[in-house]
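J.: Before anything else, here's the structure in question.
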There are 2 protein chains.
Amino acid sequence: MAGEVRFEPVHTVRAYERVVEQIEEHVLRGQLKPGDRLPSERTMMAQFGVSRSTIREALRVLESGGLVRSRPGDPAGAQILPFSSATLHKTFNRLVRTDQVGLGELIQFRMLLDGSANLLAARLATDEQIAEMEAAMEYMEIAIDRGYVEFSEADVAFHDAVARGSRSTLIQVCSDVVRGVVLGLIAHKIADSPDSKALMRRSLNHHAEVLQAVKDRDGERAARLARHSLYAYYAEYVPPEERPLLQAMLEEAPPPGSLPAIPLRSSFYNM
Amino acid sequence: MAGEVRFEPVHTVRAYERVVEQIEEHVLRGQLKPGDRLPSERTMMAQFGVSRSTIREALRVLESGGLVRSRPGDPAGAQILPFSSATLHKTFNRLVRTDQVGLGELIQFRMLLDGSANLLAARLATDEQIAEMEAAMEYMEIAIDRGYVEFSEADVAFHDAVARGSRSTLIQVCSDVVRGVVLGLIAHKIADSPDSKALMRRSLNHHAEVLQAVKDRDGERAARLARHSLYAYYAEYVPPEERPLLQAMLEEAPPPGSLPAIPLRSSFYNM
DNA sequence: TCCGTTCACTGGTCGGACCAGTACGCTTGG
DNA sequence: CCAAGCGTACTGGTCCGACCAGTGAACGGA
C-alpha cells in the first residue's frame with residue numbers, strides 16, 4: 001500500500017464540547033442573535049439528549065467566553081450577548097500578570113495602535129466623527145477642573161472617538177483593551193501626582209495638536225504627534241530599562257547600540 | 001446623613017466562580033507554573049468544600065480559557081498550561097464570522113502589525129534574530145519548488161522571526177493570531193491560483209527587500225516595504241470596496257473623497 | 001530482568017434531589 | 001372597574017451518589 005496514508009491522533013470529543021459547538025455555531029451563523037434566548041437547561045437536556053450536568057458545563061464555557069449570560073430564575077433562559085472585549089481584556093491582563101509583557105511594551109503597543117488610529121482617522125474619518133473628537137476635546141477642557149477621574153474619562157472618550165474614526169473595529173477593540181490594562185496598572189500613580197493638573201493641561205495641549213493634524217487630514221503628522229504625546233505622558237512611569245522600546249517607536253530612532261536619552265516632559269515634538 | 005453614600009448592585013458570586021478565581025490567582029501569582037498539576041477533582045472537592053459538579057464547572061471555565069488541560073484517567077490531575085494564543089484566535093475568528101470584521105480590515109491590521117514589527121526589528125533586533133530571518137528566507141527559496149503549503153510555512157516562519165525581532169510579545173502574539181485568521185479565510189484561494197509559483201517568487205523578492213532594509217537598520221523603509229508587500233500580495237483577494245482601507249495604510253494616501261486606484265501586482269514600491 | 005496482569009484511581013457522564021430565587025397569573029380587596 | 005397581594009410553576013445553582021471507560025503504577029510470574 002502507498003506509504004502516504006497518515007493517521008492523525010484522535011482527540012476524544014467530550015459531550016459538553018459538542019453542545020458548545022452546536023450553540024456557538026448557531027450564534028456565529030446568525031441564527032441566534034444578541035438578545036435572543038436559549039431554551040432552559042432542562043429543555044436543552046432533552047433536545048441534546050444529555051444530562052443537565054453536561055448542559056451546564058457547556059453553558060459555563062459559553063458564559064466564560066462572553067457569548068451568553070444566564071441568570072437564576074429567569075424563565076426565558078440564557079441570553080445571547082453581543083460581542084464584548086471582556087475576554088480579550090482578561091487575556092491581555094494575564095500576559096501582564098505573568099510578567100510576559102511589561103508596562104513598556106504595553107505603552108509601545110498603545111503608541112502603535114494610537115498612531116495608526118490617528119493616521120487612518122485623518123485619512124478616513126467622516127466629518128461627524130471629527131465632530132465627535134472635537135466634542136470629546138471640549139469635554140476634556142471642562143473636566144480638568146473636576147479632577148483626574150473625570151479627565152481620564154474624557155481622555156478615553158477622545159481616544160475612542162479617534163479609534164472609531166479610523167474605521168477599524170480591530171483598532172478600536174484592541175485600543176480599548178490595551179488602554180484598560182494600562183490604566184489598571186498606573187491610574188493611581190497619575191491620580192496621586194502632585195501636579196496632576198499641570199499634567200492634564202499639558203496632555204490637553206498635545207491632544208489639541210493631534211486633533212488639528214487630523215482635521216488637516218495630515219495622517220503622518222497626526223500619527224507622529226499621537227506617538228509623541230503618549231511617550232511624553234507615560235514614559236516617566238516606564239522603568240528606564242524599558243524606555244528604549246518606546247523610543248524605538250519615535251522618529252529620532254537611536255542606533256541599536258547606543259540609546260541617547262530623549263528628554264521627558266519637553267516640547268521636543270512641536271514640529 | 002450625607003447624601004453621598006451610594007450603593008452599588010451586588011452581583012451574586014457563584015460558587016464555581018470563586019473556585020476559578022482562587023486557582024487563576026494561584027497561576028497568575030506564579031504559585032502554579034506551567035506543567036504543574038492540580039489535585040484531582042475529588043481532592044479539590046474536599047479542599048474547596050464544594051461538590052464535584054462545582055469543581056468541574058470551574059475546571060471547564062479554566063480549560064476553555066486555556067489555562068488548564070485535563071485528561072481522563074490521569075492520576076496526576078489537571079495540568080497547568082503555558083500561555084497560548086488559542087483563545088485570542090477564537091475571539092478574532094468570532095469577530096470575522098459575525099461579519100463585524102472583514103478581510104480588508106484584517107489585512108489592514110496585518111499591515112499595521114507587520115509594518116511596526118519590521119520597524120522595531122530594524123531598530124532592536126539582535127544579530128542572532130536577523131540570522132534567523134535570513135535562515136527563514138533561505139527556507140522560503142527552497143520551499144518554492146515544494147508547493148504552496150510548504151512555502152506558506154516558510155513565509156510564516158519568516159514573519160514570525162521578524163515579530164520576534166521586534167522584541168514585542170504583543171506584536172508577536174497578535175501577528176500570529178491575525179495571520180492565522182487571514183490564512184483560514186483565503187489559503188485555498190492562493191493555493192488554487194494557477195500561477196501560484198510566480199506569486200511565490202514575487203513574494204520572495206519582496207521579502208528579500210524587506211530583509212535588506214532590516215539589515216540596513218532602516219526601520220522606516222522596512223516598515224514601508226512590508227506594508228506594500230502585504231498590499232501587493234493580498235489586495236486582489238480583498239473586495240474592491242474595502243481596498244481603500246488598505247490603501248490608507250500606504251504612503252500615497254488618497255484624499256478622503258476620491259480614491260485613485262493603486263495598481264495591483266506592480267513593482268510600484270521599488271523605491 | 002522483563003513483560004503482562006491487576007487494581008486503585010482518574011475524569012466523563014448520568015440521574016435525582018433540594019434550594020432560593022423570578023415572573024406570571026390569579027385572587028382578593030378596594 | 002382596577003390595583004395590590006399572594007401563590008405557583010418555573011428558573012438556575014448546588015449537592016449527592018452512582019456508573020463507566022480509561023490510565024498508570026505496582027505487582028507478580030516467566
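Labels for the C-alpha cells follow display order: chains A, B, ..., residues from 1 in each chain, ligands from 1.
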Which residues of chain D are close to chain A, meaning at most 9 Å apart when you count only C-alpha atoms (C1' of nucleotides), and how do they look as JSON, numbers by chain?
T.: {"D": [10, 11, 12, 13]}
J.: Could you please tell me, as a list in words, which residues of chain C have an atom within 7 Å of chain B when using only C-alpha atoms (C1' of nucleotides)?
T.: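 Listing them in order of chain and number gives DC9, DT10 and DG11 of chain C.
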J.: Quick one: contact table of chain B to chain A, 6 Å max, nearest atom pair and distance in Å to one decimal per residue, counting only C-alpha atoms, chain and number order, as a tab-separated table?
T.:
residue	atom	partner	partner_atom	distance
B:Leu28	CA	A:Thr98	CA	5.6
B:Glu57	CA	A:Glu57	CA	5.4
B:Val61	CA	A:Val61	CA	5.4
B:Arg97	CA	A:Leu28	CA	5.9
B:Thr98	CA	A:Leu28	CA	5.6
B:Arg123	CA	A:Pro256	CA	5.5
B:Leu124	CA	A:Pro256	CA	5.7
B:Pro256	CA	A:Arg123	CA	5.5
J.: What does the file look like for those residues with N, CA and C atoms, as a short mmCIF file (atom, residue, chain, number, x, y, z; two decimals), in the first residue's frame?
T.:
data_model
loop_
_atom_site.label_atom_id
_atom_site.label_comp_id
_atom_site.auth_asym_id
_atom_site.auth_seq_id
_atom_site.Cartn_x
_atom_site.Cartn_y
_atom_site.Cartn_z
N LEU B 28 -1.65 33.04 38.30
CA LEU B 28 -1.15 34.37 37.97
C LEU B 28 -0.05 34.82 38.93
N GLU B 57 -17.36 22.51 36.85
CA GLU B 57 -17.70 23.72 36.11
C GLU B 57 -16.54 24.70 36.14
N VAL B 61 -14.34 26.10 32.84
CA VAL B 61 -14.06 27.51 32.55
C VAL B 61 -12.56 27.72 32.36
N ARG B 97 -16.45 35.86 11.81
CA ARG B 97 -17.64 35.06 11.50
C ARG B 97 -18.92 35.86 11.64
N THR B 98 -18.94 36.80 12.58
CA THR B 98 -20.15 37.58 12.79
C THR B 98 -20.16 38.84 11.94
N ARG B 123 15.32 48.25 14.26
CA ARG B 123 15.96 49.09 15.27
C ARG B 123 16.40 48.31 16.50
N LEU B 124 15.81 47.17 16.74
CA LEU B 124 16.06 46.49 18.02
C LEU B 124 16.56 45.06 17.89
N PRO B 256 -9.46 62.06 1.19
CA PRO B 256 -10.60 61.29 1.72
C PRO B 256 -11.74 61.10 0.73
#
J.: From range 36-110 of chain B, collect each residue whose DSSP state is strand (DSSP E) and return the set as a list of chain:residue names.
T.: B:Val68, B:Arg69, B:Gln79, B:Ile80
J.: Take the residues just selected and output them with C-alpha atoms as a JSON list (two decimals), in the first residue's frame.
T.:
[["chain", "number", "residue", "atom", "x", "y", "z"],
["B", 68, "VAL", "CA", -5.53, 24.18, 32.18],
["B", 69, "ARG", "CA", -5.97, 20.87, 30.48],
["B", 79, "GLN", "CA", -2.17, 20.28, 34.06],
["B", 80, "ILE", "CA", -1.30, 23.98, 34.12]]
J.: Would you mind listing what lies within 12 Å of DG17 in chain D as a ChimeraX atom specification, with only C-alpha atoms (C1' of nucleotides) counted and same-chain residues fewer than 2 positions away left out?
T.: /B:51-52 /C:14-17 /D:15,19
J.: CA of Pro194 in chain A to CA of Leu250 in chain A: how many Å, to one decimal?
T.: 28.3 Å
J.: Which neighbours of Ile144 in chain B fall inside 12 Å, counting only C-alpha atoms (C1' of nucleotides), when residues of the same chain fewer than 6 positions from it are skipped, and could you give them as a list of chain:residue names?
T.: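 That gives B:Met137, B:Glu138, B:Glu150, B:Phe151, B:Ser152, B:Glu153, B:Ala154, B:Asp155, B:Ser196, B:Lys197, B:Ala198, B:Leu199, B:Met200, B:Arg201, B:Arg202, B:Ser203, B:Leu204, B:Asn205.
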J.: For DT27 in chain C, please output as a list of chain:residue names all residues within 12 Å (counting only C-alpha atoms (C1' of nucleotides); exclusion window: fewer than 4 positions along the same chain).
T.: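 The residues that qualify are D:DA4, D:DG5, D:DC6, D:DG7.
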